[in-house]
Amino acid sequence: MLAPLLMWAFTGIFFLVKPGYGGAYEQLSVRTYPLQTTIQLEPQASWREFRVLKTILGEHLLVQTEAGTLHLDPISLNVRAKPEREDFKRLLNDALSVNEDRYGHIVAVHDLVSGSAQQAAATTNTGVELSLDWNTLSLSQRGEDTRLIGLLYKIHYLQWSNIKLFDTLLGVLGIALLLVLTIFGALMSFKSRQR
């Protein structure tokens with residue numbers, strides 16, 4: 001019972017102080033530039049909202065529909081295909097320039113195996129894993145610090161296996177034992193004061 005209590009206390013202090021959270025959970029965005037031309041758009045009835053933006057790869061039209069977000073060419077209104085590897089690297093390296101100490105540069109580009117066809121991923125020389133959702137032009141990043149914080153979270157919340165039922169039972173048992181120890185400690189303290 002002592003080991004879980006010590007781990008819970010250590011990770012609780014870590015979560016209170018939050019060292020390294022800034023980089024681990026930094027919000028990375030595709031870098032945008034001012035639009036140079038005026039684009040005339042006739043919104044379609046199925047569009048809930050739309051946004052035109054410019055990146056290092058040119059102009060993009062992001063359209064929110066009931067079915068999800070579409071990434072269109074703002075001139076032809078055709079679906080814009082996911083970029084080739086070199087363009088993908090250019091887009092990412094442009095975004096990474098905001099914090100070169102953390103991100104470094106791209107060393108590997110790969111498609112996400114379990115994701116949709118509109119997602120891609122890359123790894124930097126600093127070990128940060130990046131993923132891009134092409135439909136929304138949104139980036140996410142995950143480094144060694146993010147993985148460490150995730151591991152500490154699992155330790156703190158008694159998620160020691162990848163079996164949800166087992167972890168839930170372990171958590172309930174841990175809390176029950178802690179309550180029993182607290183009650184016995186309080187009773188012993190109360191009895192010693194009566195003597």
# chains A, B, ... in the order shown; residues from 1 in each chain; ligands from 1
$ select_by_dssp --residues "range 8-194 of chain A" --states "helix (DSSP H, G or I)" --output "ChimeraX atom specification"
/A:8-17,21-24,85-103,144-156,164-194
$ residues_around --residues "range 106-110 of chain A" --least-positions-apart "2" --cutoff "7 Å" --atoms "only C-alpha atoms" --output "ChimeraX atom specification"
/A:85,89,93,112,120-125
$ atom_distance --atom1 "CA of Thr146 in chain A" --atom2 "CA of Pro19 in chain A"
11.3 Å
$ closest_residue --among "A:Leu139, A:Ile175, A:Ala81, A:Leu96" --to "Gln118 in chain A" --atoms "only C-alpha atoms"
A:Ala81
$ residues_around --residues "Leu148 in chain A" --least-positions-apart "4" --cutoff "12 Å" --atoms "only C-alpha atoms" --output "list in words"
Thr11, Phe14, Phe15, Pro19, Gly20, Tyr21, Ala24, Tyr25, Arg142, Gly143, Glu144, Leu152, Tyr153, Lys154 and Ile155 of chain A
$ select_by_dssp --residues "range 14-170 of chain A" --states "strand (DSSP E)" --output "JSON list (two decimals) with N, CA and C atoms, in the first residue's frame"
[["chain", "number", "residue", "atom", "x", "y", "z"],
["A", 49, "GLU", "N", -20.01, 27.58, -42.41],
["A", 49, "GLU", "CA", -19.05, 28.69, -42.33],
["A", 49, "GLU", "C", -17.87, 28.35, -43.22],
["A", 50, "PHE", "N", -17.12, 29.38, -43.60],
["A", 50, "PHE", "CA", -15.93, 29.14, -44.41],
["A", 50, "PHE", "C", -14.85, 30.13, -44.03],
["A", 51, "ARG", "N", -13.64, 29.75, -44.37],
["A", 51, "ARG", "CA", -12.48, 30.58, -44.02],
["A", 51, "ARG", "C", -11.46, 30.46, -45.15],
["A", 52, "VAL", "N", -10.94, 31.58, -45.60],
["A", 52, "VAL", "CA", -9.90, 31.60, -46.61],
["A", 52, "VAL", "C", -8.61, 32.01, -45.93],
["A", 53, "LEU", "N", -7.55, 31.27, -46.18],
["A", 53, "LEU", "CA", -6.27, 31.61, -45.60],
["A", 53, "LEU", "C", -5.15, 31.27, -46.57],
["A", 54, "LYS", "N", -3.99, 31.83, -46.30],
["A", 54, "LYS", "CA", -2.84, 31.61, -47.15],
["A", 54, "LYS", "C", -1.70, 31.04, -46.32],
["A", 55, "THR", "N", -1.08, 29.97, -46.82],
["A", 55, "THR", "CA", 0.09, 29.38, -46.20],
["A", 55, "THR", "C", 1.24, 29.43, -47.20],
["A", 58, "GLY", "N", 0.20, 28.31, -50.60],
["A", 58, "GLY", "CA", -0.79, 29.06, -51.37],
["A", 58, "GLY", "C", -2.06, 29.31, -50.58],
["A", 59, "GLU", "N", -3.16, 29.55, -51.32],
["A", 59, "GLU", "CA", -4.43, 29.89, -50.68],
["A", 59, "GLU", "C", -5.28, 28.63, -50.47],
["A", 60, "HIS", "N", -6.03, 28.65, -49.37],
["A", 60, "HIS", "CA", -6.85, 27.51, -48.96],
["A", 60, "HIS", "C", -8.25, 28.02, -48.60],
["A", 61, "LEU", "N", -9.24, 27.19, -48.89],
["A", 61, "LEU", "CA", -10.61, 27.48, -48.48],
["A", 61, "LEU", "C", -11.06, 26.32, -47.60],
["A", 62, "LEU", "N", -11.31, 26.60, -46.33],
["A", 62, "LEU", "CA", -11.79, 25.60, -45.39],
["A", 62, "LEU", "C", -13.27, 25.84, -45.16],
["A", 63, "VAL", "N", -14.08, 24.83, -45.48],
["A", 63, "VAL", "CA", -15.53, 24.97, -45.43],
["A", 63, "VAL", "C", -16.08, 23.98, -44.40],
["A", 64, "GLN", "N", -16.87, 24.51, -43.47],
["A", 64, "GLN", "CA", -17.54, 23.66, -42.49],
["A", 64, "GLN", "C", -18.93, 23.31, -43.01],
["A", 65, "THR", "N", -19.21, 22.00, -43.13],
["A", 65, "THR", "CA", -20.52, 21.53, -43.55],
["A", 65, "THR", "C", -21.09, 20.62, -42.47],
["A", 68, "GLY", "N", -18.82, 17.67, -42.04],
["A", 68, "GLY", "CA", -17.46, 17.90, -41.54],
["A", 68, "GLY", "C", -16.81, 19.03, -42.30],
["A", 69, "THR", "N", -15.49, 19.13, -42.16],
["A", 69, "THR", "CA", -14.74, 20.20, -42.81],
["A", 69, "THR", "C", -14.18, 19.73, -44.13],
["A", 70, "LEU", "N", -14.30, 20.58, -45.15],
["A", 70, "LEU", "CA", -13.75, 20.31, -46.47],
["A", 70, "LEU", "C", -12.62, 21.30, -46.73],
["A", 71, "HIS", "N", -11.58, 20.82, -47.37],
["A", 71, "HIS", "CA", -10.44, 21.67, -47.75],
["A", 71, "HIS", "C", -10.51, 21.83, -49.27],
["A", 72, "LEU", "N", -10.88, 23.02, -49.71],
["A", 72, "LEU", "CA", -11.12, 23.27, -51.13],
["A", 72, "LEU", "C", -10.12, 24.25, -51.69],
["A", 106, "ILE", "N", 12.44, 18.50, -39.78],
["A", 106, "ILE", "CA", 11.81, 17.22, -40.15],
["A", 106, "ILE", "C", 12.87, 16.23, -40.61],
["A", 107, "VAL", "N", 12.82, 15.02, -40.07],
["A", 107, "VAL", "CA", 13.74, 13.97, -40.53],
["A", 107, "VAL", "C", 12.99, 12.81, -41.19],
["A", 108, "ALA", "N", 11.71, 12.66, -40.91],
["A", 108, "ALA", "CA", 10.94, 11.57, -41.52],
["A", 108, "ALA", "C", 9.49, 12.01, -41.71],
["A", 109, "VAL", "N", 8.93, 11.64, -42.85],
["A", 109, "VAL", "CA", 7.53, 11.92, -43.16],
["A", 109, "VAL", "C", 6.85, 10.59, -43.44],
["A", 110, "HIS", "N", 5.67, 10.40, -42.86],
["A", 110, "HIS", "CA", 4.95, 9.15, -43.09],
["A", 110, "HIS", "C", 3.44, 9.39, -42.95],
["A", 111, "ASP", "N", 2.66, 8.58, -43.63],
["A", 111, "ASP", "CA", 1.21, 8.65, -43.50],
["A", 111, "ASP", "C", 0.80, 7.97, -42.21],
["A", 119, "GLN", "N", -4.79, 12.70, -43.45],
["A", 119, "GLN", "CA", -3.88, 12.99, -42.35],
["A", 119, "GLN", "C", -2.49, 12.50, -42.71],
["A", 120, "ALA", "N", -1.50, 13.18, -42.21],
["A", 120, "ALA", "CA", -0.11, 12.80, -42.42],
["A", 120, "ALA", "C", 0.67, 13.09, -41.15],
["A", 121, "ALA", "N", 1.84, 12.48, -41.03],
["A", 121, "ALA", "CA", 2.64, 12.64, -39.82],
["A", 121, "ALA", "C", 4.11, 12.79, -40.19],
["A", 122, "ALA", "N", 4.86, 13.32, -39.23],
["A", 122, "ALA", "CA", 6.29, 13.51, -39.42],
["A", 122, "ALA", "C", 6.97, 13.43, -38.06],
["A", 123, "THR", "N", 8.28, 13.19, -38.11],
["A", 123, "THR", "CA", 9.10, 13.16, -36.91],
["A", 123, "THR", "C", 10.25, 14.14, -37.10],
["A", 124, "THR", "N", 10.61, 14.85, -36.03],
["A", 124, "THR", "CA", 11.71, 15.81, -36.11],
["A", 124, "THR", "C", 12.98, 15.22, -35.52],
["A", 129, "GLU", "N", 6.91, 14.15, -32.48],
["A", 129, "GLU", "CA", 6.05, 13.60, -33.51],
["A", 129, "GLU", "C", 4.95, 14.61, -33.83],
["A", 130, "LEU", "N", 4.76, 14.86, -35.12],
["A", 130, "LEU", "CA", 3.78, 15.84, -35.57],
["A", 130, "LEU", "C", 2.73, 15.15, -36.40],
["A", 131, "SER", "N", 1.51, 15.64, -36.34],
["A", 131, "SER", "CA", 0.48, 15.14, -37.25],
["A", 131, "SER", "C", -0.33, 16.32, -37.77],
["A", 132, "LEU", "N", -0.72, 16.21, -39.02],
["A", 132, "LEU", "CA", -1.48, 17.26, -39.69],
["A", 132, "LEU", "C", -2.79, 16.69, -40.17],
["A", 133, "ASP", "N", -3.89, 17.36, -39.83],
["A", 133, "ASP", "CA", -5.19, 17.05, -40.40],
["A", 133, "ASP", "C", -5.36, 18.02, -41.57],
["A", 138, "SER", "N", -4.98, 21.64, -39.19],
["A", 138, "SER", "CA", -4.60, 21.71, -37.79],
["A", 138, "SER", "C", -3.45, 20.75, -37.51],
["A", 139, "LEU", "N", -2.54, 21.21, -36.67],
["A", 139, "LEU", "CA", -1.36, 20.43, -36.30],
["A", 139, "LEU", "C", -1.44, 20.01, -34.84],
["A", 140, "SER", "N", -0.86, 18.87, -34.55],
["A", 140, "SER", "CA", -0.68, 18.46, -33.15],
["A", 140, "SER", "C", 0.74, 17.95, -33.02],
["A", 141, "GLN", "N", 1.29, 18.06, -31.82],
["A", 141, "GLN", "CA", 2.66, 17.63, -31.57],
["A", 141, "GLN", "C", 2.74, 16.84, -30.28],
["A", 142, "ARG", "N", 3.71, 15.93, -30.24],
["A", 142, "ARG", "CA", 3.89, 15.07, -29.07],
["A", 142, "ARG", "C", 5.37, 14.73, -28.96]]
$ atom_distance --atom1 "CA of Ser29 in chain A" --atom2 "CA of Ala95 in chain A"
6.4 Å
$ residues_around --residues "Asn99 in chain A" --least-positions-apart "3" --cutoff "10 Å" --atoms "only C-alpha atoms" --output "PyMOL selection string"
chain A and resi 23+26+28+95-96+102-104
$ closest_residue --among "A:Glu42, A:Leu158, A:Ser97, A:Arg48" --to "Pro74 in chain A" --atoms "only C-alpha atoms"
A:Glu42
$ closest_residue --among "A:Asp94, A:Leu5, A:Glu66, A:Trp134" --to "Tyr33 in chain A" --atoms "only C-alpha atoms"
A:Asp94
$ closest_residue --among "A:Val30, A:Leu91, A:Leu41, A:Val98" --to "Leu57 in chain A" --atoms "only C-alpha atoms"
A:Leu91
